[in-house]
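Before any comments, here is the structure.
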Amino acid sequence: MSLPAEPYVELPKHMYQKGVKHLCENGVTQVPHKQLQGMDRSRVLKVLSNACREFGFFQVVNHGIADEVIVKMMDVSKRFFELPFEERQRYMSNNLSQPVRYGTSFNQNNDGVFCWRDFLKLSCHPMQDFAPLWPSSPVDLREAVGEYSMKTRHLYERVMDAILESLGLTDEKVISNDGNQLVMVNYYPACPQPELTLGLPPHSDYGLLTLLLQDQVEGLQIQHNDRWVTVKPIPNSFVVNIGDQFEIFSNGRYKSVVHRVAVNSMRSRLSVASLHSVNENVTPSPKLIDYLNPKRYKDTNYADFLHYLTSSEFKCKRFLESRRIN
């Protein structure tokens with residue numbers, strides 16, 4: 001039986017059009033894709049809504065971010081992890097609130113199993129507050145991250161507008177000027193025993209939306225119908241996934257996706273996630289609450305999440321489950 005179609009969404013400057021990428025048959029380990037031509041906006045929004053309801057993720061192509069910006073970001077990220085450990089170590093911290101942080105595993109303070117991953121976390125908004133704190137080596141890192149974070153923030157706003165429109169909420173905003181943007185650079189070295197660990201454990205992202213850029217090495221997997229499905233990389237595309245904040249805002253209409261990262265023994269893997277969230281309380285939209293669909297989640301904010309993250313071993317969607325109204 002075929003899975004419902006996952007949108008392979010093209011985003012020209014002024015409108016959304018063209019194509020879907022079909023997910024695999026149940027049990028297949030990769031995600032084949034197929035492009036439909038000539039889709040109008042209403043049909044794209046329908047496909048987008050379907051993907052957010054059924055899968056919590058989709059891939060975006062023809063997004064308007066120049067290949068040069070993407071290549072620079074991937075190149076400088078690779079070179080950062082090639083720096084001597086003493087240079088990278090300057091940014092190590094166990095404080096989850098640090099605006100610039102180099103670390104390892106997933107939540108190294110509480111992880112029960114060590115994950116085969118190093119990362120560089122960079123707070124990016126407002127840029128003028130954080131850019132001076134970013135690593136000064138490689139020498140072009142600040143310039144590359146600055147341009148990349150600005151472009152991905154604009155893309156996030158356009159994608160969010162389309163998602164809100166697909167919910168019939170064209171006059172509602174969940175984007176605020178003081179919202180958070182984190183750029184998380186993930187490096188997964190080739191692992192000598194990949195069967196004994198993961199790059200990242202099964203989890204859902206806390207925020208509203210995540211835009212993920214990945215290289216051509218497979219590893220990202222989403223959970224669908226109790227199976228793990230590999231997301232086949234599409235060059236210069238972005239994987240967009242719904243986060244916990246947006247599931248709460250949509251009152252459960254759109255689902256934050258549980259995903260993980262597998263590692264391999266042959267090749268290292270690099271990805272860059274742009275994570276978007278808001279600081280203020282997130283509450284289900286009143287327009288999505290009625291007699292048949294009562295409020296399903298408590299109001300929540302970033303402080304609630306940080307408290308949870310520092311006090312528990314983070315697994316799957318346990319934080320979201322903790323906010324659910326029984």
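Ligands are numbered from 1 in the order shown, chains are lettered A, B, ... in the order of the structure tokens, and residues start at 1 in each chain.
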Could you name the residues that touch A:Arg267 at 10 Å or less, counting only C-alpha atoms, but leaving out those on the same chain fewer than 5 positions away, as a PDB file with all heavy atoms, in the first residue's frame?
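As written to disk, result-v9.pdb reads:
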ATOM      1  N   TYR A 188      28.773  14.239  11.907  1.00  0.00           N
ATOM      2  CA  TYR A 188      28.698  12.826  12.281  1.00  0.00           C
ATOM      3  C   TYR A 188      29.874  12.100  11.625  1.00  0.00           C
ATOM      4  O   TYR A 188      29.801  11.736  10.442  1.00  0.00           O
ATOM      5  CB  TYR A 188      27.383  12.217  11.795  1.00  0.00           C
ATOM      6  CG  TYR A 188      26.138  12.978  12.217  1.00  0.00           C
ATOM      7  CD1 TYR A 188      25.562  13.935  11.366  1.00  0.00           C
ATOM      8  CD2 TYR A 188      25.541  12.744  13.443  1.00  0.00           C
ATOM      9  CE1 TYR A 188      24.423  14.629  11.744  1.00  0.00           C
ATOM     10  CE2 TYR A 188      24.394  13.431  13.831  1.00  0.00           C
ATOM     11  CZ  TYR A 188      23.850  14.376  12.979  1.00  0.00           C
ATOM     12  OH  TYR A 188      22.724  15.068  13.349  1.00  0.00           O
ATOM     13  N   PRO A 189      30.979  11.893  12.351  1.00  0.00           N
ATOM     14  CA  PRO A 189      32.116  11.193  11.744  1.00  0.00           C
ATOM     15  C   PRO A 189      31.757   9.749  11.401  1.00  0.00           C
ATOM     16  O   PRO A 189      30.803   9.176  11.955  1.00  0.00           O
ATOM     17  CB  PRO A 189      33.187  11.224  12.850  1.00  0.00           C
ATOM     18  CG  PRO A 189      32.732  12.265  13.826  1.00  0.00           C
ATOM     19  CD  PRO A 189      31.242  12.281  13.742  1.00  0.00           C
ATOM     20  N   ALA A 190      32.507   9.157  10.473  1.00  0.00           N
ATOM     21  CA  ALA A 190      32.362   7.721  10.221  1.00  0.00           C
ATOM     22  C   ALA A 190      32.568   6.987  11.541  1.00  0.00           C
ATOM     23  O   ALA A 190      33.483   7.294  12.301  1.00  0.00           O
ATOM     24  CB  ALA A 190      33.382   7.267   9.185  1.00  0.00           C
ATOM     25  N   CYS A 191      31.698   6.033  11.819  1.00  0.00           N
ATOM     26  CA  CYS A 191      31.670   5.374  13.131  1.00  0.00           C
ATOM     27  C   CYS A 191      32.182   3.938  13.013  1.00  0.00           C
ATOM     28  O   CYS A 191      31.718   3.183  12.146  1.00  0.00           O
ATOM     29  CB  CYS A 191      30.241   5.383  13.671  1.00  0.00           C
ATOM     30  SG  CYS A 191      30.063   4.595  15.287  1.00  0.00           S
ATOM     31  N   VAL A 217      25.077  12.438   2.043  1.00  0.00           N
ATOM     32  CA  VAL A 217      25.219  11.183   2.782  1.00  0.00           C
ATOM     33  C   VAL A 217      23.922  10.916   3.539  1.00  0.00           C
ATOM     34  O   VAL A 217      23.475  11.751   4.319  1.00  0.00           O
ATOM     35  CB  VAL A 217      26.410  11.234   3.759  1.00  0.00           C
ATOM     36  CG1 VAL A 217      26.527   9.925   4.538  1.00  0.00           C
ATOM     37  CG2 VAL A 217      27.701  11.538   3.013  1.00  0.00           C
ATOM     38  N   GLU A 218      23.313   9.779   3.307  1.00  0.00           N
ATOM     39  CA  GLU A 218      22.053   9.456   3.971  1.00  0.00           C
ATOM     40  C   GLU A 218      22.261   9.240   5.466  1.00  0.00           C
ATOM     41  O   GLU A 218      23.327   8.834   5.902  1.00  0.00           O
ATOM     42  CB  GLU A 218      21.432   8.203   3.351  1.00  0.00           C
ATOM     43  CG  GLU A 218      20.988   8.401   1.913  1.00  0.00           C
ATOM     44  CD  GLU A 218      20.380   7.141   1.320  1.00  0.00           C
ATOM     45  OE1 GLU A 218      20.280   6.131   2.054  1.00  0.00           O
ATOM     46  OE2 GLU A 218      20.000   7.166   0.139  1.00  0.00           O
TER      47      GLU A 218
END
Determine, using only C-alpha atoms, which residues of stretch 225-317 of chain A have any atom at most 10 Å from an atom of stretch 115-138 of chain A, and tabulate each with its shortest atom pair and distance in Å to one decimal place, rows ordered by chain and then rising number, as a Markdown table.
| residue | atom | partner | partner_atom | distance |
| --- | --- | --- | --- | --- |
| A:Val261 | CA | A:Trp116 | CA | 9.5 |
| A:Ala262 | CA | A:Trp116 | CA | 9.1 |
| A:Val263 | CA | A:Trp116 | CA | 7.5 |
| A:Arg269 | CA | A:Arg117 | CA | 9.5 |
| A:Leu270 | CA | A:Phe119 | CA | 9.8 |
| A:Ser271 | CA | A:Phe119 | CA | 9.6 |
| A:Val272 | CA | A:Leu120 | CA | 9.5 |
| A:Ala273 | CA | A:Lys121 | CA | 9.5 |
| A:Ser274 | CA | A:Cys124 | CA | 9.3 |
| A:Leu275 | CA | A:Ser123 | CA | 9.7 |
| A:His276 | CA | A:His125 | CA | 9.7 |
Write to file, as a PDB file, in the first residue's frame, the residues of the selection just made, with C-alpha atoms.
ATOM      1  CA  VAL A 261      20.018  10.133  12.581  1.00  0.00           C
ATOM      2  CA  ALA A 262      21.778   6.886  11.689  1.00  0.00           C
ATOM      3  CA  VAL A 263      25.550   6.766  11.211  1.00  0.00           C
ATOM      4  CA  ARG A 269      27.976  13.325   7.353  1.00  0.00           C
ATOM      5  CA  LEU A 270      27.332  17.054   7.758  1.00  0.00           C
ATOM      6  CA  SER A 271      24.066  18.931   8.211  1.00  0.00           C
ATOM      7  CA  VAL A 272      23.036  22.476   9.109  1.00  0.00           C
ATOM      8  CA  ALA A 273      19.732  23.021  10.904  1.00  0.00           C
ATOM      9  CA  SER A 274      18.051  26.416  11.189  1.00  0.00           C
ATOM     10  CA  LEU A 275      15.708  26.097  14.170  1.00  0.00           C
ATOM     11  CA  HIS A 276      12.969  28.683  14.683  1.00  0.00           C
TER      12      HIS A 276
END
Those of stretch 195-304 of chain A in DSSP strand (DSSP E), formatted as a short mmCIF file (atom, residue, chain, number, x, y, z; two decimals) with all heavy atoms, in the first residue's frame:
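The result, written out as result-v1.cif:
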data_model
loop_
_atom_site.label_atom_id
_atom_site.label_comp_id
_atom_site.auth_asym_id
_atom_site.auth_seq_id
_atom_site.Cartn_x
_atom_site.Cartn_y
_atom_site.Cartn_z
N LEU A 200 21.85 10.85 16.29
CA LEU A 200 20.88 11.49 17.19
C LEU A 200 19.81 10.47 17.53
O LEU A 200 19.37 9.71 16.65
CB LEU A 200 20.23 12.71 16.52
CG LEU A 200 21.02 14.02 16.51
CD1 LEU A 200 20.27 15.08 15.71
CD2 LEU A 200 21.29 14.52 17.92
N PRO A 201 19.34 10.44 18.77
CA PRO A 201 18.30 9.49 19.15
C PRO A 201 16.94 9.96 18.64
O PRO A 201 16.79 11.12 18.22
CB PRO A 201 18.35 9.53 20.68
CG PRO A 201 18.77 10.93 20.99
CD PRO A 201 19.75 11.30 19.89
N PRO A 202 15.94 9.11 18.66
CA PRO A 202 14.59 9.55 18.26
C PRO A 202 14.12 10.73 19.11
O PRO A 202 14.19 10.69 20.34
CB PRO A 202 13.74 8.30 18.52
CG PRO A 202 14.69 7.16 18.43
CD PRO A 202 15.97 7.67 18.99
N HIS A 203 13.66 11.78 18.45
CA HIS A 203 13.20 12.98 19.16
C HIS A 203 12.36 13.81 18.21
O HIS A 203 12.36 13.60 17.00
CB HIS A 203 14.40 13.80 19.65
CG HIS A 203 15.18 14.44 18.53
ND1 HIS A 203 16.05 13.71 17.73
CD2 HIS A 203 15.20 15.71 18.06
CE1 HIS A 203 16.59 14.52 16.83
NE2 HIS A 203 16.08 15.74 17.00
N LEU A 209 9.35 25.57 13.52
CA LEU A 209 9.79 24.88 12.31
C LEU A 209 11.30 24.74 12.34
O LEU A 209 12.01 25.60 12.88
CB LEU A 209 9.41 25.67 11.05
CG LEU A 209 7.95 25.84 10.66
CD1 LEU A 209 7.86 26.66 9.38
CD2 LEU A 209 7.26 24.50 10.50
N THR A 210 11.79 23.68 11.72
CA THR A 210 13.21 23.50 11.49
C THR A 210 13.44 23.36 9.99
O THR A 210 12.72 22.63 9.31
CB THR A 210 13.74 22.24 12.20
OG1 THR A 210 13.55 22.37 13.61
CG2 THR A 210 15.21 22.02 11.91
N LEU A 211 14.43 24.09 9.48
CA LEU A 211 14.85 23.97 8.09
C LEU A 211 16.22 23.31 8.08
O LEU A 211 17.18 23.87 8.63
CB LEU A 211 14.92 25.34 7.41
CG LEU A 211 13.63 25.96 6.89
CD1 LEU A 211 12.66 26.27 8.02
CD2 LEU A 211 13.94 27.25 6.11
N LEU A 212 16.32 22.12 7.51
CA LEU A 212 17.56 21.36 7.56
C LEU A 212 18.19 21.26 6.18
O LEU A 212 17.56 20.81 5.22
CB LEU A 212 17.29 19.95 8.09
CG LEU A 212 18.53 19.05 8.17
CD1 LEU A 212 19.40 19.44 9.36
CD2 LEU A 212 18.15 17.58 8.25
N LEU A 213 19.45 21.63 6.12
CA LEU A 213 20.29 21.43 4.93
C LEU A 213 21.20 20.25 5.22
O LEU A 213 21.86 20.21 6.26
CB LEU A 213 21.11 22.69 4.67
CG LEU A 213 22.14 22.64 3.54
CD1 LEU A 213 21.45 22.54 2.19
CD2 LEU A 213 23.05 23.87 3.59
N GLN A 214 21.22 19.27 4.33
CA GLN A 214 22.09 18.11 4.55
C GLN A 214 22.95 17.84 3.32
O GLN A 214 22.59 18.20 2.21
CB GLN A 214 21.27 16.88 4.91
CG GLN A 214 20.15 16.51 3.95
CD GLN A 214 19.38 15.27 4.41
OE1 GLN A 214 19.87 14.45 5.17
NE2 GLN A 214 18.17 15.12 3.92
N LEU A 220 19.38 10.84 7.90
CA LEU A 220 18.14 11.31 8.51
C LEU A 220 17.01 10.31 8.25
O LEU A 220 16.79 9.89 7.11
CB LEU A 220 17.77 12.67 7.93
CG LEU A 220 16.43 13.26 8.40
CD1 LEU A 220 16.43 13.53 9.91
CD2 LEU A 220 16.10 14.54 7.63
N GLN A 221 16.31 9.95 9.31
CA GLN A 221 15.18 9.03 9.21
C GLN A 221 13.99 9.59 9.98
O GLN A 221 14.16 10.12 11.08
CB GLN A 221 15.55 7.65 9.78
CG GLN A 221 16.69 6.98 9.04
CD GLN A 221 17.11 5.67 9.68
OE1 GLN A 221 16.93 5.47 10.87
NE2 GLN A 221 17.68 4.77 8.89
N ILE A 222 12.79 9.48 9.40
CA ILE A 222 11.58 9.90 10.10
C ILE A 222 10.78 8.65 10.47
O ILE A 222 10.86 7.61 9.81
CB ILE A 222 10.72 10.86 9.26
CG1 ILE A 222 10.13 10.14 8.03
CG2 ILE A 222 11.49 12.10 8.87
CD1 ILE A 222 8.94 10.85 7.43
N GLN A 223 10.00 8.79 11.52
CA GLN A 223 9.15 7.69 11.96
C GLN A 223 7.76 7.87 11.35
O GLN A 223 7.13 8.91 11.50
CB GLN A 223 9.04 7.67 13.48
CG GLN A 223 8.42 6.41 14.04
CD GLN A 223 8.47 6.40 15.56
OE1 GLN A 223 8.00 7.31 16.22
NE2 GLN A 223 9.07 5.35 16.12
N HIS A 224 7.31 6.84 10.64
CA HIS A 224 5.99 6.88 10.04
C HIS A 224 5.37 5.49 10.12
O HIS A 224 5.98 4.52 9.67
CB HIS A 224 6.05 7.33 8.58
CG HIS A 224 4.71 7.47 7.94
ND1 HIS A 224 3.89 8.56 8.18
CD2 HIS A 224 4.02 6.67 7.10
CE1 HIS A 224 2.76 8.41 7.51
NE2 HIS A 224 2.82 7.26 6.85
N ARG A 227 7.49 2.74 11.46
CA ARG A 227 8.66 2.33 10.69
C ARG A 227 9.58 3.53 10.52
O ARG A 227 9.14 4.67 10.49
CB ARG A 227 8.25 1.81 9.30
CG ARG A 227 7.42 0.53 9.33
CD ARG A 227 7.05 0.13 7.90
NE ARG A 227 6.20 -1.04 7.87
CZ ARG A 227 6.64 -2.30 7.82
NH1 ARG A 227 7.94 -2.51 7.81
NH2 ARG A 227 5.80 -3.30 7.78
N TRP A 228 10.87 3.25 10.38
CA TRP A 228 11.84 4.30 10.11
C TRP A 228 12.07 4.40 8.61
O TRP A 228 12.41 3.42 7.96
CB TRP A 228 13.15 4.02 10.84
CG TRP A 228 13.03 4.20 12.31
CD1 TRP A 228 13.00 3.23 13.28
CD2 TRP A 228 12.90 5.44 13.00
NE1 TRP A 228 12.85 3.79 14.51
CE2 TRP A 228 12.79 5.15 14.39
CE3 TRP A 228 12.86 6.78 12.60
CZ2 TRP A 228 12.64 6.13 15.35
CZ3 TRP A 228 12.71 7.77 13.57
CH2 TRP A 228 12.61 7.45 14.92
N VAL A 229 11.85 5.59 8.07
CA VAL A 229 11.98 5.84 6.64
C VAL A 229 13.13 6.82 6.41
O VAL A 229 13.16 7.91 6.99
CB VAL A 229 10.68 6.42 6.06
CG1 VAL A 229 10.81 6.64 4.55
CG2 VAL A 229 9.49 5.50 6.36
N THR A 230 14.10 6.43 5.59
CA THR A 230 15.24 7.30 5.28
C THR A 230 14.83 8.41 4.33
O THR A 230 14.18 8.17 3.31
CB THR A 230 16.38 6.47 4.66
OG1 THR A 230 16.82 5.50 5.61
CG2 THR A 230 17.55 7.37 4.27
N PHE A 238 15.90 21.86 1.20
CA PHE A 238 15.74 21.95 2.64
C PHE A 238 14.66 20.99 3.09
O PHE A 238 13.56 20.96 2.52
CB PHE A 238 15.36 23.38 3.06
CG PHE A 238 16.49 24.36 2.97
CD1 PHE A 238 16.71 25.07 1.80
CD2 PHE A 238 17.35 24.56 4.04
CE1 PHE A 238 17.76 25.98 1.70
CE2 PHE A 238 18.40 25.45 3.95
CZ PHE A 238 18.61 26.18 2.77
N VAL A 239 14.97 20.21 4.10
CA VAL A 239 13.96 19.41 4.79
C VAL A 239 13.32 20.33 5.83
O VAL A 239 14.01 20.93 6.65
CB VAL A 239 14.58 18.18 5.48
CG1 VAL A 239 13.51 17.42 6.26
CG2 VAL A 239 15.25 17.27 4.47
N VAL A 240 12.01 20.47 5.78
CA VAL A 240 11.27 21.30 6.74
C VAL A 240 10.46 20.38 7.63
O VAL A 240 9.71 19.54 7.12
CB VAL A 240 10.34 22.30 6.03
CG1 VAL A 240 9.58 23.14 7.06
CG2 VAL A 240 11.14 23.19 5.08
N ASN A 241 10.65 20.51 8.94
CA ASN A 241 9.81 19.69 9.82
C ASN A 241 9.10 20.54 10.86
O ASN A 241 9.60 21.56 11.33
CB ASN A 241 10.59 18.54 10.45
CG ASN A 241 11.68 18.96 11.40
OD1 ASN A 241 12.82 19.11 10.99
ND2 ASN A 241 11.35 19.14 12.67
N ILE A 242 7.89 20.08 11.18
CA ILE A 242 7.06 20.72 12.19
C ILE A 242 7.65 20.42 13.57
O ILE A 242 8.07 19.30 13.85
CB ILE A 242 5.61 20.18 12.12
CG1 ILE A 242 5.01 20.44 10.74
CG2 ILE A 242 4.75 20.76 13.23
CD1 ILE A 242 4.75 21.88 10.42
N HIS A 259 12.11 11.97 14.63
CA HIS A 259 13.16 11.63 13.69
C HIS A 259 14.43 11.27 14.44
O HIS A 259 14.56 11.52 15.64
CB HIS A 259 13.41 12.77 12.69
CG HIS A 259 13.68 14.10 13.34
ND1 HIS A 259 12.71 14.84 13.98
CD2 HIS A 259 14.82 14.84 13.45
CE1 HIS A 259 13.23 15.97 14.45
NE2 HIS A 259 14.52 15.97 14.15
N ARG A 260 15.35 10.65 13.72
CA ARG A 260 16.63 10.26 14.29
C ARG A 260 17.68 10.34 13.19
O ARG A 260 17.34 10.54 12.01
CB ARG A 260 16.57 8.85 14.88
CG ARG A 260 16.43 7.75 13.83
CD ARG A 260 16.33 6.37 14.45
NE ARG A 260 16.37 5.32 13.43
CZ ARG A 260 16.29 4.02 13.69
NH1 ARG A 260 16.15 3.60 14.94
NH2 ARG A 260 16.34 3.13 12.70
N VAL A 261 18.94 10.15 13.57
CA VAL A 261 20.02 10.13 12.58
C VAL A 261 20.83 8.86 12.76
O VAL A 261 21.33 8.58 13.86
CB VAL A 261 20.92 11.37 12.72
CG1 VAL A 261 22.11 11.26 11.76
CG2 VAL A 261 20.14 12.64 12.45
N ARG A 269 29.17 12.62 7.83
CA ARG A 269 27.98 13.32 7.35
C ARG A 269 27.91 14.69 8.02
O ARG A 269 28.27 14.84 9.19
CB ARG A 269 26.72 12.51 7.68
CG ARG A 269 25.42 13.17 7.23
CD ARG A 269 24.23 12.24 7.47
NE ARG A 269 22.98 12.87 7.09
CZ ARG A 269 22.22 13.60 7.92
NH1 ARG A 269 22.60 13.76 9.18
NH2 ARG A 269 21.11 14.16 7.50
N LEU A 270 27.43 15.68 7.26
CA LEU A 270 27.33 17.05 7.76
C LEU A 270 25.94 17.60 7.46
O LEU A 270 25.41 17.39 6.36
CB LEU A 270 28.39 17.93 7.07
CG LEU A 270 28.54 19.38 7.57
CD1 LEU A 270 29.19 19.40 8.95
CD2 LEU A 270 29.39 20.18 6.58
N SER A 271 25.35 18.27 8.44
CA SER A 271 24.07 18.93 8.21
C SER A 271 24.05 20.26 8.96
O SER A 271 24.78 20.45 9.93
CB SER A 271 22.89 18.05 8.66
OG SER A 271 22.86 17.93 10.07
N VAL A 272 23.19 21.17 8.48
CA VAL A 272 23.04 22.48 9.11
C VAL A 272 21.55 22.71 9.32
O VAL A 272 20.78 22.81 8.35
CB VAL A 272 23.64 23.61 8.25
CG1 VAL A 272 23.51 24.95 8.99
CG2 VAL A 272 25.10 23.32 7.91
N ALA A 273 21.14 22.79 10.57
CA ALA A 273 19.73 23.02 10.90
C ALA A 273 19.52 24.47 11.31
O ALA A 273 20.29 25.02 12.09
CB ALA A 273 19.29 22.10 12.04
N SER A 274 18.48 25.09 10.76
CA SER A 274 18.05 26.42 11.19
C SER A 274 16.76 26.22 11.97
O SER A 274 15.72 25.90 11.39
CB SER A 274 17.84 27.33 9.98
OG SER A 274 17.46 28.63 10.38
N LEU A 275 16.84 26.39 13.29
CA LEU A 275 15.71 26.10 14.17
C LEU A 275 15.04 27.40 14.59
O LEU A 275 15.71 28.32 15.09
CB LEU A 275 16.17 25.33 15.41
CG LEU A 275 16.83 23.97 15.13
CD1 LEU A 275 18.35 24.07 15.32
CD2 LEU A 275 16.27 22.90 16.04
N HIS A 276 13.72 27.45 14.43
CA HIS A 276 12.97 28.68 14.68
C HIS A 276 11.92 28.44 15.76
O HIS A 276 11.13 27.49 15.68
CB HIS A 276 12.31 29.16 13.39
CG HIS A 276 13.31 29.45 12.31
ND1 HIS A 276 13.82 30.71 12.08
CD2 HIS A 276 13.92 28.64 11.41
CE1 HIS A 276 14.69 30.67 11.09
NE2 HIS A 276 14.77 29.42 10.67
N SER A 277 11.91 29.31 16.75
CA SER A 277 10.96 29.20 17.85
C SER A 277 10.61 30.60 18.34
O SER A 277 11.19 31.59 17.89
CB SER A 277 11.55 28.36 18.99
OG SER A 277 12.73 28.97 19.51
#
Report task. Using atom CA of A:Gly179 and atom CA of A:Pro284 as the two end points, give the distance in Å to one decimal. Result ->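 Interatomic distance here is 17.5 Å.
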Query - Pick from A:Asn251, A:Leu320, A:Ser49, A:Tyr308 nearest to A:Arg296, counting only C-alpha atoms - result: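 Nearest candidate to A:Arg296 out of A:Asn251, A:Leu320, A:Ser49, A:Tyr308: A:Asn251.
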Query - Which of stretch 107-325 of chain A fall in alpha helix (DSSP H), as a PyMOL selection string - result: chain A and resi 127-130+141-166+244-249+302-311+318-322
Query raised in the report: Using only C-alpha atoms, which of the listed residues (A:Phe85, A:Phe80, A:Phe58, A:Phe114) sits closest to A:Val185?
Result: A:Phe80
Requested in this report: Could you tell me which of A:Ile325, A:Met266, A:Leu208, A:Val69 comes closest to A:Gly56 if we count only C-alpha atoms?
Outcome: A:Leu208
Requested in this report: Have a look at atom CA of A:Val145 and atom CA of A:Asp75 and let me know their distance in Å, one decimal.
Outcome: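 Distance between the two atoms: 11.0 Å.
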Query raised in the report: Rounded to one decimal in Å, what is the spacing between atom CA of A:Ile248 and atom CA of A:Lys232?
Result: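 Going from atom CA of A:Ile248 over to atom CA of A:Lys232 covers 28.3 Å.
Of the residues under consideration (A:Lys151, A:Glu247, A:Ser268, A:Glu157), A:Ser268 shows the shortest atom-to-atom contact distance to A:Pro192 when counting only C-alpha atoms.
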For stretch 161-175 of chain A, please output as a CSV table (one decimal) with C-alpha atoms, in the first residue's frame all residues within 9 Å (counting only C-alpha atoms; exclusion window: fewer than 5 positions along the same chain).
chain,number,residue,atom,x,y,z
A,16,TYR,CA,4.5,28.3,-4.6
A,42,SER,CA,-4.5,25.9,-3.9
A,45,LEU,CA,-1.5,24.2,-0.1
A,46,LYS,CA,-3.6,21.0,0.0
A,48,LEU,CA,1.3,20.9,2.1
A,49,SER,CA,-1.5,20.4,4.6
A,52,CYS,CA,2.0,18.4,7.9
A,156,TYR,CA,11.2,30.3,7.1
A,208,LEU,CA,7.9,26.0,15.4
A,246,PHE,CA,3.6,24.4,16.1
A,249,PHE,CA,-0.3,26.1,18.2
A,250,SER,CA,-2.3,24.0,15.7
A,253,ARG,CA,-3.8,19.4,13.6
A,277,SER,CA,11.0,29.2,17.9
A,278,VAL,CA,9.3,32.0,19.9
A,282,VAL,CA,2.6,29.3,22.8
A,285,SER,CA,-5.0,29.0,18.2
A,287,LYS,CA,-9.7,29.4,15.7
A,288,LEU,CA,-8.7,25.8,15.9
